[in-house]
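Structure file final-v8.txt with compact mmCIF, C-alpha atoms and all ligand atoms:
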```txt
# COMPACT_ATOMS: atom_id res chain seq x y z
CA MET N 1 -10.36 21.32 38.37
CA LYS N 2 -13.82 22.22 39.56
CA SER N 3 -16.04 19.74 41.38
CA ALA N 4 -18.72 19.73 38.66
CA TYR N 5 -18.92 20.20 34.88
CA ASP N 6 -21.56 19.81 32.20
CA VAL N 7 -19.41 17.27 30.34
CA ILE N 8 -16.36 15.21 31.29
CA VAL N 9 -14.46 13.59 28.40
CA VAL N 10 -12.17 10.71 29.38
CA GLY N 11 -9.16 10.30 27.06
CA ALA N 12 -7.43 12.91 24.88
CA GLY N 13 -7.02 10.87 21.69
CA PRO N 14 -8.47 12.28 18.45
CA GLY N 15 -12.00 11.27 19.52
CA GLY N 16 -11.88 12.76 23.01
CA SER N 17 -10.20 16.03 22.04
CA THR N 18 -12.69 16.53 19.20
CA ALA N 19 -15.64 15.85 21.53
CA ALA N 20 -14.23 18.31 24.09
CA ARG N 21 -13.59 20.94 21.42
CA TYR N 22 -17.16 20.86 20.07
CA ALA N 23 -18.76 20.53 23.51
CA ALA N 24 -16.90 23.66 24.65
CA GLU N 25 -17.70 25.47 21.40
CA LEU N 26 -21.40 24.67 21.93
CA GLY N 27 -21.22 26.38 25.31
CA LEU N 28 -20.87 23.37 27.61
CA ASP N 29 -18.61 23.56 30.65
CA THR N 30 -16.16 20.82 29.63
CA LEU N 31 -13.32 18.88 31.27
CA LEU N 32 -10.94 16.70 29.21
CA LEU N 33 -8.94 14.15 31.23
CA GLU N 34 -5.86 12.27 29.94
CA LYS N 35 -4.02 9.65 31.98
CA ARG N 36 -0.69 10.07 30.21
CA GLN N 37 1.69 12.87 31.11
CA GLU N 38 1.76 14.05 27.50
CA VAL N 39 -1.10 14.00 24.97
CA GLY N 40 -0.19 11.99 21.85
CA ALA N 41 2.68 9.86 23.14
CA PRO N 42 3.46 7.04 22.78
CA VAL N 43 2.07 6.71 19.24
CA ARG N 44 0.22 3.45 18.47
CA CYS N 45 -0.75 4.14 14.88
CA ALA N 46 0.45 4.01 11.26
CA GLU N 47 -0.61 7.68 11.04
CA GLY N 48 -2.39 7.47 7.67
CA ILE N 49 -5.53 9.51 7.11
CA GLY N 50 -7.78 10.71 4.27
CA THR N 51 -7.31 14.39 3.46
CA GLN N 52 -10.95 15.28 2.75
CA THR N 53 -12.41 13.86 5.97
CA MET N 54 -9.63 15.52 7.93
CA LYS N 55 -10.47 18.91 6.42
CA ARG N 56 -13.95 18.64 7.91
CA PHE N 57 -12.26 19.21 11.28
CA ILE N 58 -8.94 20.96 10.71
CA GLU N 59 -6.87 22.33 7.82
CA PRO N 60 -3.69 20.28 7.30
CA ASP N 61 -0.64 22.01 8.74
CA PRO N 62 3.03 21.30 7.96
CA SER N 63 3.75 21.06 11.70
CA TRP N 64 1.82 17.76 11.92
CA VAL N 65 1.79 16.48 8.33
CA ALA N 66 4.84 14.30 7.66
CA LEU N 67 3.96 13.59 4.02
CA VAL N 68 1.24 14.12 1.40
CA ILE N 69 0.21 10.89 -0.36
CA ASN N 70 -0.52 10.92 -4.11
CA ARG N 71 -0.93 7.23 -4.87
CA CYS N 72 -1.45 3.76 -3.41
CA ARG N 73 0.25 0.58 -4.45
CA LEU N 74 -1.57 -2.74 -3.90
CA ILE N 75 0.88 -5.62 -3.91
CA ALA N 76 -0.49 -9.11 -4.62
CA PRO N 77 0.85 -12.28 -2.96
CA ASN N 78 3.00 -13.05 -6.04
CA GLY N 79 4.62 -9.58 -5.84
CA LYS N 80 2.79 -8.14 -8.85
CA TYR N 81 1.33 -4.75 -8.04
CA VAL N 82 -1.20 -2.21 -9.25
CA GLU N 83 -0.99 1.50 -8.57
CA ILE N 84 -3.97 3.75 -7.91
CA GLU N 85 -3.61 7.47 -8.57
CA ALA N 86 -4.96 9.54 -5.67
CA PRO N 87 -3.34 12.98 -5.89
CA GLY N 88 -3.27 14.66 -2.48
CA GLU N 89 -5.90 12.31 -1.08
CA GLY N 90 -3.91 10.95 1.85
CA LEU N 91 -1.73 12.34 4.62
CA ILE N 92 0.81 10.71 6.89
CA LEU N 93 0.58 12.46 10.22
CA GLU N 94 2.99 13.17 13.04
CA ARG N 95 0.38 11.97 15.50
CA LYS N 96 2.29 13.10 18.53
CA ILE N 97 1.97 16.69 17.34
CA PHE N 98 -1.45 16.23 15.71
CA ASP N 99 -3.08 14.80 18.86
CA ARG N 100 -1.60 17.61 20.93
CA ARG N 101 -2.93 20.20 18.47
CA LEU N 102 -6.44 18.72 18.81
CA ALA N 103 -6.22 18.97 22.61
CA GLU N 104 -4.99 22.57 22.26
CA LEU N 105 -8.01 23.34 20.06
CA ALA N 106 -10.29 21.99 22.80
CA ALA N 107 -8.53 24.25 25.32
CA GLU N 108 -8.78 27.24 22.95
CA LYS N 109 -12.55 26.71 22.79
CA GLY N 110 -12.70 26.82 26.60
CA ALA N 111 -12.34 23.20 27.77
CA ASP N 112 -10.30 22.48 30.91
CA VAL N 113 -7.59 20.00 29.87
CA ARG N 114 -5.68 17.92 32.42
CA CYS N 115 -2.88 15.41 31.82
CA LYS N 116 -1.69 12.84 34.36
CA ALA N 117 -5.36 12.51 35.26
CA ARG N 118 -6.38 8.85 35.30
CA VAL N 119 -10.07 8.09 35.66
CA THR N 120 -10.35 5.17 38.06
CA SER N 121 -14.12 4.74 38.27
CA VAL N 122 -17.42 6.38 37.41
CA LEU N 123 -19.93 7.92 39.83
CA LYS N 124 -23.45 6.58 39.47
CA ASP N 125 -26.93 7.37 40.68
CA GLY N 126 -28.86 4.17 40.02
CA ASP N 127 -28.21 3.36 36.36
CA ALA N 128 -27.21 6.91 35.47
CA VAL N 129 -23.55 7.94 35.16
CA THR N 130 -23.10 11.20 37.09
CA GLY N 131 -19.35 11.80 37.07
CA VAL N 132 -15.94 10.22 37.52
CA GLU N 133 -13.35 9.44 40.14
CA VAL N 134 -9.92 10.58 39.03
CA LYS N 135 -6.37 10.34 40.31
CA HIS N 136 -4.49 13.52 39.39
CA LEU N 137 -0.92 14.20 40.50
CA GLY N 138 -1.21 11.78 43.42
CA LYS N 139 -4.58 13.06 44.71
CA ASP N 140 -8.05 11.50 44.37
CA TYR N 141 -11.01 13.60 43.22
CA LYS N 142 -14.72 12.97 42.69
CA ILE N 143 -15.98 15.19 39.86
CA HIS N 144 -19.63 15.39 38.87
CA ALA N 145 -20.99 15.87 35.36
CA LYS N 146 -24.32 15.70 33.56
CA ILE N 147 -22.65 13.71 30.77
CA VAL N 148 -19.50 11.57 30.67
CA ILE N 149 -18.00 10.81 27.24
CA ALA N 150 -15.86 7.65 27.26
CA ALA N 151 -13.06 8.20 24.72
CA ASP N 152 -10.55 5.98 26.49
CA GLY N 153 -9.49 3.84 23.54
CA VAL N 154 -9.51 0.18 22.70
CA GLU N 155 -8.92 -0.96 26.30
CA SER N 156 -11.82 1.19 27.54
CA GLN N 157 -12.99 0.59 31.08
CA VAL N 158 -15.19 3.65 31.48
CA ALA N 159 -18.00 2.20 29.33
CA ARG N 160 -17.97 -1.03 31.32
CA TRP N 161 -18.01 0.84 34.63
CA GLY N 162 -20.99 2.74 33.21
CA GLY N 163 -22.85 -0.53 32.60
CA VAL N 164 -22.26 -0.99 28.84
CA ASN N 165 -20.71 -4.26 27.70
CA THR N 166 -17.82 -3.49 25.34
CA THR N 167 -16.15 -6.90 25.31
CA VAL N 168 -15.02 -8.20 21.95
CA LYS N 169 -14.49 -11.81 20.88
CA LEU N 170 -10.93 -12.79 20.04
CA VAL N 171 -11.90 -13.61 16.43
CA ASP N 172 -13.23 -10.07 16.01
CA LEU N 173 -9.93 -8.44 16.89
CA ASP N 174 -7.16 -7.62 14.40
CA ALA N 175 -3.80 -8.27 16.03
CA CYS N 176 -1.39 -5.52 14.88
CA ALA N 177 2.33 -4.98 15.07
CA GLN N 178 4.21 -2.03 13.68
CA PHE N 179 7.79 -0.83 13.51
CA LEU N 180 9.08 2.65 12.76
CA VAL N 181 11.83 1.70 10.34
CA ALA N 182 14.87 3.80 9.41
CA GLY N 183 17.29 3.11 6.57
CA MET N 184 14.61 2.40 3.95
CA ASN N 185 14.97 3.49 0.36
CA LEU N 186 11.40 4.01 -0.78
CA ASP N 187 10.62 4.97 -4.36
CA PRO N 188 8.09 6.40 -4.93
CA VAL N 189 7.88 8.05 -1.51
CA ASP N 190 4.47 9.78 -1.92
CA CYS N 191 2.80 6.37 -1.90
CA CYS N 192 1.07 4.08 0.61
CA TYR N 193 2.01 0.43 0.07
CA PHE N 194 -0.52 -2.29 0.92
CA TYR N 195 0.47 -5.97 0.81
CA VAL N 196 -2.19 -8.68 0.78
CA GLY N 197 -1.97 -12.45 0.95
CA HIS N 198 -1.41 -15.25 3.40
CA ASP N 199 2.36 -14.92 3.58
CA TYR N 200 2.45 -11.18 4.20
CA ALA N 201 -0.40 -10.97 6.70
CA PRO N 202 -2.64 -14.00 7.33
CA GLY N 203 -6.25 -12.79 7.45
CA GLY N 204 -5.36 -9.11 7.11
CA TYR N 205 -2.92 -6.88 5.29
CA ALA N 206 0.52 -5.35 5.70
CA TRP N 207 1.44 -1.74 5.07
CA ILE N 208 4.29 0.66 4.50
CA PHE N 209 3.34 4.27 5.20
CA PRO N 210 6.39 6.44 4.41
CA LYS N 211 7.25 9.47 6.49
CA ARG N 212 10.36 10.19 4.38
CA SER N 213 12.07 8.13 1.68
CA ASP N 214 14.31 6.60 4.38
CA LEU N 215 11.76 6.40 7.24
CA ALA N 216 8.40 4.62 7.36
CA ASN N 217 5.76 2.98 9.53
CA VAL N 218 5.89 -0.67 8.53
CA GLY N 219 3.21 -2.87 10.03
CA LEU N 220 0.54 -5.48 9.68
CA GLY N 221 -2.73 -6.67 11.11
CA ILE N 222 -3.51 -10.39 11.20
CA THR N 223 -6.30 -12.58 12.45
CA PRO N 224 -5.55 -13.79 15.99
CA LEU N 225 -6.62 -17.26 14.80
CA HIS N 226 -3.24 -17.45 13.03
CA THR N 227 -1.51 -17.16 16.41
CA THR N 228 -3.85 -19.73 17.96
CA LYS N 229 -3.11 -22.18 15.14
CA THR N 230 0.62 -21.64 14.61
CA GLY N 231 1.93 -19.84 17.71
CA GLU N 232 3.27 -17.10 15.44
CA THR N 233 2.32 -13.60 16.70
CA ALA N 234 1.80 -10.46 14.59
CA ALA N 235 5.26 -9.26 15.70
CA ASP N 236 6.80 -12.61 14.58
CA VAL N 237 5.20 -12.29 11.12
CA LEU N 238 6.46 -8.71 10.85
CA HIS N 239 10.00 -9.68 11.88
CA ARG N 240 9.92 -12.46 9.25
CA TRP N 241 8.82 -10.01 6.53
CA MET N 242 11.38 -7.36 7.57
CA ALA N 243 14.22 -9.87 7.51
CA LYS N 244 13.25 -10.92 3.98
CA GLU N 245 12.44 -7.54 2.37
CA PHE N 246 14.48 -4.98 4.31
CA PRO N 247 17.39 -6.85 5.91
CA ASN N 248 19.52 -3.70 6.21
CA ALA N 249 16.90 -1.39 7.72
CA SER N 250 16.75 -0.56 11.44
CA ILE N 251 13.76 -0.79 13.75
CA VAL N 252 13.74 2.39 15.83
CA SER N 253 10.47 1.83 17.65
CA MET N 254 7.84 -0.88 17.95
CA VAL N 255 4.16 -1.02 18.89
CA VAL N 256 1.67 -3.85 19.21
CA GLY N 257 -2.06 -3.46 19.63
CA GLY N 258 -5.49 -4.72 18.73
CA ILE N 259 -8.22 -3.21 16.57
CA PRO N 260 -11.80 -4.49 17.02
CA ILE N 261 -13.27 -5.21 13.59
CA ASP N 262 -16.55 -6.93 14.40
CA GLY N 263 -18.56 -4.34 12.46
CA LYS N 264 -21.76 -5.05 14.40
CA PRO N 265 -24.04 -2.26 15.60
CA ARG N 266 -23.70 -1.96 19.36
CA GLN N 267 -25.00 0.12 22.23
CA ILE N 268 -22.85 3.26 22.46
CA SER N 269 -24.81 5.35 24.93
CA ALA N 270 -26.61 4.98 28.26
CA SER N 271 -28.04 7.36 30.84
CA GLY N 272 -25.45 10.15 31.26
CA LEU N 273 -22.91 8.32 29.08
CA MET N 274 -21.73 8.28 25.45
CA ILE N 275 -18.91 6.09 24.12
CA ILE N 276 -16.80 7.17 21.13
CA GLY N 277 -13.88 6.08 18.96
CA ASP N 278 -11.95 2.88 19.65
CA ALA N 279 -13.79 2.53 22.98
CA ALA N 280 -16.97 2.09 20.89
CA HIS N 281 -15.24 -0.14 18.27
CA GLN N 282 -15.72 2.49 15.57
CA ALA N 283 -12.58 1.83 13.47
CA ASP N 284 -13.29 1.01 9.82
CA PRO N 285 -13.62 -2.81 9.75
CA MET N 286 -12.01 -3.07 6.31
CA THR N 287 -8.91 -0.91 6.83
CA GLY N 288 -8.67 -0.65 10.63
CA GLY N 289 -8.41 3.16 10.28
CA GLY N 290 -10.05 4.83 13.26
CA ILE N 291 -8.77 8.39 13.56
CA THR N 292 -11.43 10.21 11.55
CA ASN N 293 -14.24 7.91 12.70
CA ALA N 294 -13.33 8.77 16.31
CA MET N 295 -13.41 12.48 15.41
CA ILE N 296 -16.78 12.18 13.64
CA ALA N 297 -18.20 10.33 16.67
CA GLY N 298 -16.74 13.01 18.98
CA GLN N 299 -18.47 15.76 17.04
CA ILE N 300 -21.83 13.95 16.96
CA ALA N 301 -21.60 13.15 20.71
CA ALA N 302 -20.91 16.82 21.52
CA GLN N 303 -23.87 17.96 19.42
CA VAL N 304 -26.24 15.40 20.95
CA GLY N 305 -24.90 16.27 24.41
CA ALA N 306 -25.52 20.00 23.87
CA LYS N 307 -29.07 19.32 22.71
CA ALA N 308 -29.72 17.04 25.70
CA MET N 309 -28.37 19.68 28.09
CA ARG N 310 -30.62 22.37 26.57
CA ALA N 311 -33.61 20.08 27.06
CA ASN N 312 -32.37 19.23 30.58
CA ASP N 313 -32.68 15.53 29.68
CA VAL N 314 -29.58 13.31 29.65
CA SER N 315 -31.55 10.08 29.96
CA ALA N 316 -30.68 6.96 27.96
CA ASP N 317 -33.55 7.76 25.57
CA ALA N 318 -32.31 11.30 24.89
CA LEU N 319 -28.69 10.25 24.32
CA ALA N 320 -29.74 7.34 22.06
CA GLU N 321 -29.92 10.00 19.33
CA TYR N 322 -26.11 9.69 19.25
CA ASP N 323 -26.38 5.94 18.41
CA LYS N 324 -28.86 6.71 15.64
CA ARG N 325 -26.82 9.53 14.09
CA TRP N 326 -23.58 7.53 14.23
CA HIS N 327 -25.23 4.56 12.56
CA LYS N 328 -26.81 6.73 9.83
CA GLU N 329 -23.64 8.66 9.06
CA VAL N 330 -20.97 5.95 9.38
CA GLY N 331 -21.92 2.75 11.20
CA ARG N 332 -24.27 1.34 8.58
CA ALA N 333 -21.35 1.02 6.15
CA PHE N 334 -19.58 -1.42 8.49
CA LYS N 335 -21.50 -4.54 7.44
CA PRO N 336 -20.71 -4.24 3.71
CA LEU N 337 -17.12 -3.16 4.48
CA LEU N 338 -16.54 -6.22 6.63
CA SER N 339 -18.09 -8.44 4.01
CA ILE N 340 -15.80 -7.02 1.29
CA ARG N 341 -12.83 -7.56 3.54
CA ASP N 342 -13.77 -11.19 4.12
CA GLU N 343 -14.39 -11.74 0.42
CA VAL N 344 -11.35 -9.99 -1.07
CA MET N 345 -8.62 -9.80 1.48
CA VAL N 346 -8.77 -12.68 3.78
CA TYR N 347 -8.16 -16.12 2.42
CA ASP N 348 -7.78 -16.25 -1.33
CA ASP N 349 -4.27 -15.62 -2.68
CA GLU N 350 -5.18 -17.00 -6.10
CA PHE N 351 -7.99 -14.49 -6.50
CA LEU N 352 -5.69 -11.60 -5.51
CA ASN N 353 -2.96 -12.69 -7.94
CA ASP N 354 -5.54 -13.01 -10.71
CA LEU N 355 -6.96 -9.55 -9.94
CA ALA N 356 -3.51 -7.93 -9.99
CA GLY N 357 -2.82 -9.68 -13.31
CA ARG N 358 -6.01 -8.34 -14.91
CA LEU N 359 -5.42 -4.78 -13.70
CA GLY N 360 -1.65 -4.68 -14.00
CA ASP N 361 -1.12 -2.98 -17.32
CA ARG N 362 -3.86 -0.36 -17.10
CA PRO N 363 -2.72 3.23 -16.60
CA ARG N 364 -4.31 5.68 -14.11
CA LEU N 365 -6.32 3.15 -12.14
CA THR N 366 -8.97 4.27 -9.67
CA VAL N 367 -10.49 2.38 -6.73
CA VAL N 368 -13.67 2.01 -8.81
CA ASP N 369 -11.64 0.23 -11.58
CA VAL N 370 -10.31 -2.22 -8.99
CA PHE N 371 -13.80 -2.95 -7.67
CA LYS N 372 -15.30 -3.26 -11.18
CA THR N 373 -12.72 -5.86 -12.13
CA ALA N 374 -13.12 -7.70 -8.81
CA VAL N 375 -16.90 -7.89 -9.27
CA ARG N 376 -16.44 -9.74 -12.58
CA THR N 377 -14.78 -12.60 -10.69
CA ARG N 378 -16.79 -12.29 -7.47
CA PRO N 379 -20.32 -11.11 -8.39
CA ARG N 380 -21.31 -11.33 -4.70
CA LEU N 381 -19.25 -8.19 -4.12
CA LEU N 382 -21.76 -6.23 -6.16
CA TRP N 383 -24.27 -6.37 -3.32
CA ASP N 384 -21.85 -4.88 -0.75
CA LEU N 385 -20.44 -2.32 -3.17
CA GLY N 386 -23.99 -1.33 -4.16
CA GLN N 387 -24.78 -0.58 -0.51
CA LEU N 388 -21.67 1.60 -0.19
CA ALA N 389 -22.48 3.36 -3.48
CA ALA N 390 -25.98 4.11 -2.17
CA MET N 391 -24.32 5.79 0.82
CA GLY N 392 -22.30 8.02 -1.52
CA TRP N 393 -18.96 6.25 -1.07
CA PHE N 394 -18.09 6.33 -4.81
C1 LIG Z 1 -0.77 -0.58 14.83
C2 LIG Z 1 -1.92 0.35 14.57
C3 LIG Z 1 -1.92 1.15 13.44
C4 LIG Z 1 -2.97 2.02 13.18
N1 LIG Z 1 -2.92 2.81 12.07
C5 LIG Z 1 -3.94 3.67 11.79
C6 LIG Z 1 -3.89 4.53 10.66
O1 LIG Z 1 -2.92 4.54 9.90
N2 LIG Z 1 -4.94 5.37 10.43
C7 LIG Z 1 -6.03 5.40 11.26
O2 LIG Z 1 -6.98 6.17 10.98
N3 LIG Z 1 -6.09 4.61 12.36
C8 LIG Z 1 -5.07 3.76 12.66
N4 LIG Z 1 -5.11 2.98 13.78
C9 LIG Z 1 -6.27 3.13 14.68
C10 LIG Z 1 -6.17 4.45 15.45
O3 LIG Z 1 -4.93 4.56 16.09
C11 LIG Z 1 -7.30 4.55 16.48
O4 LIG Z 1 -8.52 4.17 15.84
C12 LIG Z 1 -7.46 5.97 17.04
O5 LIG Z 1 -6.33 6.36 17.77
C13 LIG Z 1 -8.69 6.00 17.94
O6 LIG Z 1 -8.78 7.24 18.60
P1 LIG Z 1 -9.51 7.34 20.01
O7 LIG Z 1 -9.54 8.79 20.34
O8 LIG Z 1 -10.76 6.58 20.01
O9 LIG Z 1 -8.56 6.54 21.04
P2 LIG Z 1 -7.03 6.68 21.39
O10 LIG Z 1 -6.28 7.39 20.35
O11 LIG Z 1 -6.58 5.31 21.77
O12 LIG Z 1 -7.04 7.60 22.69
C14 LIG Z 1 -7.53 7.13 23.92
C15 LIG Z 1 -6.90 8.00 25.03
O13 LIG Z 1 -7.53 7.70 26.27
C16 LIG Z 1 -6.53 7.73 27.29
N5 LIG Z 1 -7.05 6.97 28.43
C17 LIG Z 1 -7.28 5.62 28.47
N6 LIG Z 1 -7.78 5.27 29.68
C18 LIG Z 1 -7.87 6.43 30.40
C19 LIG Z 1 -8.30 6.71 31.75
N7 LIG Z 1 -8.75 5.74 32.56
N8 LIG Z 1 -8.25 7.99 32.18
C20 LIG Z 1 -7.80 9.00 31.36
N9 LIG Z 1 -7.36 8.76 30.09
C21 LIG Z 1 -7.41 7.50 29.61
C22 LIG Z 1 -5.33 7.09 26.59
O14 LIG Z 1 -4.13 7.40 27.27
C23 LIG Z 1 -5.40 7.72 25.21
O15 LIG Z 1 -4.70 8.94 25.13
C24 LIG Z 1 -4.07 2.10 14.08
C25 LIG Z 1 -4.08 1.29 15.25
C26 LIG Z 1 -3.02 0.43 15.49
C27 LIG Z 1 -3.05 -0.42 16.74
```

If you took the structure in this file and wrote it as structure tokens, what would it be?
Ligand SMILES: Cc1cc2nc3c(=O)[nH]c(=O)nc-3n(C[C@H](O)[C@H](O)[C@H](O)COP(=O)(O)OP(=O)(O)OC[C@H]3O[C@@H](n4cnc5c(N)ncnc54)[C@H](O)[C@@H]3O)c2cc1C
Amino acid sequence: MKSAYDVIVVGAGPGGSTAARYAAELGLDTLLLEKRQEVGAPVRCAEGIGTQTMKRFIEPDPSWVALVINRCRLIAPNGKYVEIEAPGEGLILERKIFDRRLAELAAEKGADVRCKARVTSVLKDGDAVTGVEVKHLGKDYKIHAKIVIAADGVESQVARWGGVNTTVKLVDLDACAQFLVAGMNLDPVDCCYFYVGHDYAPGGYAWIFPKRSDLANVGLGITPLHTTKTGETAADVLHRWMAKEFPNASIVSMVVGGIPIDGKPRQISASGLMIIGDAAHQADPMTGGGITNAMIAGQIAAQVGAKAMRANDVSADALAEYDKRWHKEVGRAFKPLLSIRDEVMVYDDEFLNDLAGRLGDRPRLTVVDVFKTAVRTRPRLLWDLGQLAAMGWF
């Protein structure tokens, strides 16, 4: 490691590696730091991703694609389901390999990549972030940079050290638990299964994302208020569901984690600092999916950083262009997405059963069909869906 770089990226998740890749490609002297000894492990993710957005960054490769998804099944609280055709539109990743490939791409473009390199603090000159302190293989280093990109995930400390408040209220956090389950017998296998309703996942949804017919990520996200009220954690709810639906399957690994879903616009840059991905609460507030949003943010941050470096101006005002571009491209959809989630998913089992009943017998359903039918019962949805349509979502 050198003592100074143009850009230091903290965290080699999908956001950080993408930021480092584009920063290096745009000619910036870039360092990517990862605290773990291996990029990509352990995996804390259901590994589902949309194919088209992914292709904006990288062509799918069999080495990190576990399965191609051709349909989605939405299962109502009463067990009735509807199936949406979506040929080739989803992928289930092997994130351990995928994340490593993204870090390799950053290195191929010229970034210095270091594992076992934990950032312990940021260097500051007044309000401006000017570098990081890092512990690497038992030694402490001070490394200077014009720009630091905080890509250190949901438990981010770098942003806070840099003076940006990233705290999230408990009610705005989805509590998630997920098992990798062996001994399943999934049919169809090229299908993502989503379960909604109070019993499956209070205030959220449950999922089965197959990796093979006998192996799948099975998980759920619930409102933490359920735990406050009943004492039952996300892992408890998942154990209860597993025991009922898949009593003979085996849990081969387990993760728990939180996803911020507040959906509010927030400050994501400061002087010498940009914050991306989970650290900036950029996961989709309706689905909790954050991989591609982190990558989009990483690309925008690298482009804004390169422009700021060319102009020799990394002030808060110059880097605020990142906030604006993020909001225009992705962030402004968060309000309607959160509102749809509250309206459709959260509390009303009767509504969901009724919706599944109305849609049940129709062949070749699309997402638009589901929304059209939902709007007939809940006209308020039209407003949120209209905003998404205006952004080109449908
Ligand atoms: C149970 C669960 C299921 C999910 N399923 C999906 C899904 O199916 N699809 C989807 O799109 N999203 C999913 N998500 C969300 C997704 O995993 C995240 O949105 C995504 O990983 C965010 O990427 P990131 O680069 O911002 O952060 P991360 O992937 O969290 O990467 C942050 C990196 O920073 C490193 N780091 C942290 N602190 C430091 C430090 N001080 N110094 C150096 N390095 C540091 C960490 O080790 C880590 O490697 C899920 C989340 C959970 C909890």

Next on the checklist: List as a PyMOL selection string the protein and nucleic acid residues lying within 7 Å of ligand LIG 1 (chain Z), with all atoms listed in the file counted.
Outcome noted: chain N and resi 10-16+33-36+39-40+44-49+117-120+151-154+156-158+176-178+219+255-259+276-279+283+288-292+294

Item to check | range 375-392 of chain N environment, 7 Å, all atoms listed in the file, sequence neighbours closer than 3 positions dropped, as a VMD selection string | outcome: chain N and resid 333 336 340 371 to 372

Could you write those residues out with C-alpha atoms, as a short mmCIF file (atom, residue, chain, number, x, y, z; two decimals), in the frame of the given file?
```cif
data_model
loop_
_atom_site.label_atom_id
_atom_site.label_comp_id
_atom_site.auth_asym_id
_atom_site.auth_seq_id
_atom_site.Cartn_x
_atom_site.Cartn_y
_atom_site.Cartn_z
CA ALA N 333 -21.35 1.02 6.15
CA PRO N 336 -20.71 -4.24 3.71
CA ILE N 340 -15.80 -7.02 1.29
CA PHE N 371 -13.80 -2.95 -7.67
CA LYS N 372 -15.30 -3.26 -11.18
#
```

Next on the checklist: Rounded to one decimal, what separation in Å do you get between CA of Lys124 in chain N and CA of Gln299 in chain N?
Outcome noted: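 The value is 24.7 Å.
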
Checklist entry - Excluding same-chain residues fewer than 2 positions from Thr130 in chain N, what lies within 12 Å of it counting all atoms listed in the file, as a PyMOL selection string? => result chain N and resi 3-8+121-128+132-133+142-149+161-162+270-273+314-315

Keeping only C-alpha atoms, take the residues you just selected and write them out as a PDB file, in the frame of the given file.
```pdb
ATOM      1  CA  SER N   3     -16.040  19.740  41.380  1.00  0.00           C
ATOM      2  CA  ALA N   4     -18.720  19.730  38.660  1.00  0.00           C
ATOM      3  CA  TYR N   5     -18.920  20.200  34.880  1.00  0.00           C
ATOM      4  CA  ASP N   6     -21.560  19.810  32.200  1.00  0.00           C
ATOM      5  CA  VAL N   7     -19.410  17.270  30.340  1.00  0.00           C
ATOM      6  CA  ILE N   8     -16.360  15.210  31.290  1.00  0.00           C
ATOM      7  CA  SER N 121     -14.120   4.740  38.270  1.00  0.00           C
ATOM      8  CA  VAL N 122     -17.420   6.380  37.410  1.00  0.00           C
ATOM      9  CA  LEU N 123     -19.930   7.920  39.830  1.00  0.00           C
ATOM     10  CA  LYS N 124     -23.450   6.580  39.470  1.00  0.00           C
ATOM     11  CA  ASP N 125     -26.930   7.370  40.680  1.00  0.00           C
ATOM     12  CA  GLY N 126     -28.860   4.170  40.020  1.00  0.00           C
ATOM     13  CA  ASP N 127     -28.210   3.360  36.360  1.00  0.00           C
ATOM     14  CA  ALA N 128     -27.210   6.910  35.470  1.00  0.00           C
ATOM     15  CA  VAL N 132     -15.940  10.220  37.520  1.00  0.00           C
ATOM     16  CA  GLU N 133     -13.350   9.440  40.140  1.00  0.00           C
ATOM     17  CA  LYS N 142     -14.720  12.970  42.690  1.00  0.00           C
ATOM     18  CA  ILE N 143     -15.980  15.190  39.860  1.00  0.00           C
ATOM     19  CA  HIS N 144     -19.630  15.390  38.870  1.00  0.00           C
ATOM     20  CA  ALA N 145     -20.990  15.870  35.360  1.00  0.00           C
ATOM     21  CA  LYS N 146     -24.320  15.700  33.560  1.00  0.00           C
ATOM     22  CA  ILE N 147     -22.650  13.710  30.770  1.00  0.00           C
ATOM     23  CA  VAL N 148     -19.500  11.570  30.670  1.00  0.00           C
ATOM     24  CA  ILE N 149     -18.000  10.810  27.240  1.00  0.00           C
ATOM     25  CA  TRP N 161     -18.010   0.840  34.630  1.00  0.00           C
ATOM     26  CA  GLY N 162     -20.990   2.740  33.210  1.00  0.00           C
ATOM     27  CA  ALA N 270     -26.610   4.980  28.260  1.00  0.00           C
ATOM     28  CA  SER N 271     -28.040   7.360  30.840  1.00  0.00           C
ATOM     29  CA  GLY N 272     -25.450  10.150  31.260  1.00  0.00           C
ATOM     30  CA  LEU N 273     -22.910   8.320  29.080  1.00  0.00           C
ATOM     31  CA  VAL N 314     -29.580  13.310  29.650  1.00  0.00           C
ATOM     32  CA  SER N 315     -31.550  10.080  29.960  1.00  0.00           C
TER      33      SER N 315
END
```

Item to check | Who sits within 7 Å of range 163-172 of chain N, only C-alpha atoms, same chain under 5 positions skipped, as a ChimeraX atom specification | outcome: /N:223-225,260-262

Checklist entry - Leaving out Glu329 in chain N and any residue of its chain fewer than 3 positions from it, which residues lie within 12 Å of it when counting all atoms listed in the file, given as a PyMOL selection string? => result chain N and resi 282+293+296-297+299-300+322-326+332-334+388+391-393

Next on the checklist: Can you pull out the residues contacting Gly357 in chain N? Cut-off 12 Å, using all atoms listed in the file, and skip same-chain residues under 4 positions away; I want them as a PyMOL selection string.
Outcome noted: chain N and resi 74-82+350-353+361-362+370+373-374

Centre and edge lengths, as AutoDock Vina command-line options, for the axis-aligned box enclosing every listed atom of range 317-335 of chain N with 3 Å of padding on each of the six sides, in Å to one decimal?
```
--center_x -26.6 --center_y 3.4 --center_z 15.9 --size_x 20.0 --size_y 21.8 --size_z 25.4
```

Checklist entry - When you draw a straight line from CA of Ala316 in chain N to CA of Leu102 in chain N, how long is it in Å? => result 28.5 Å
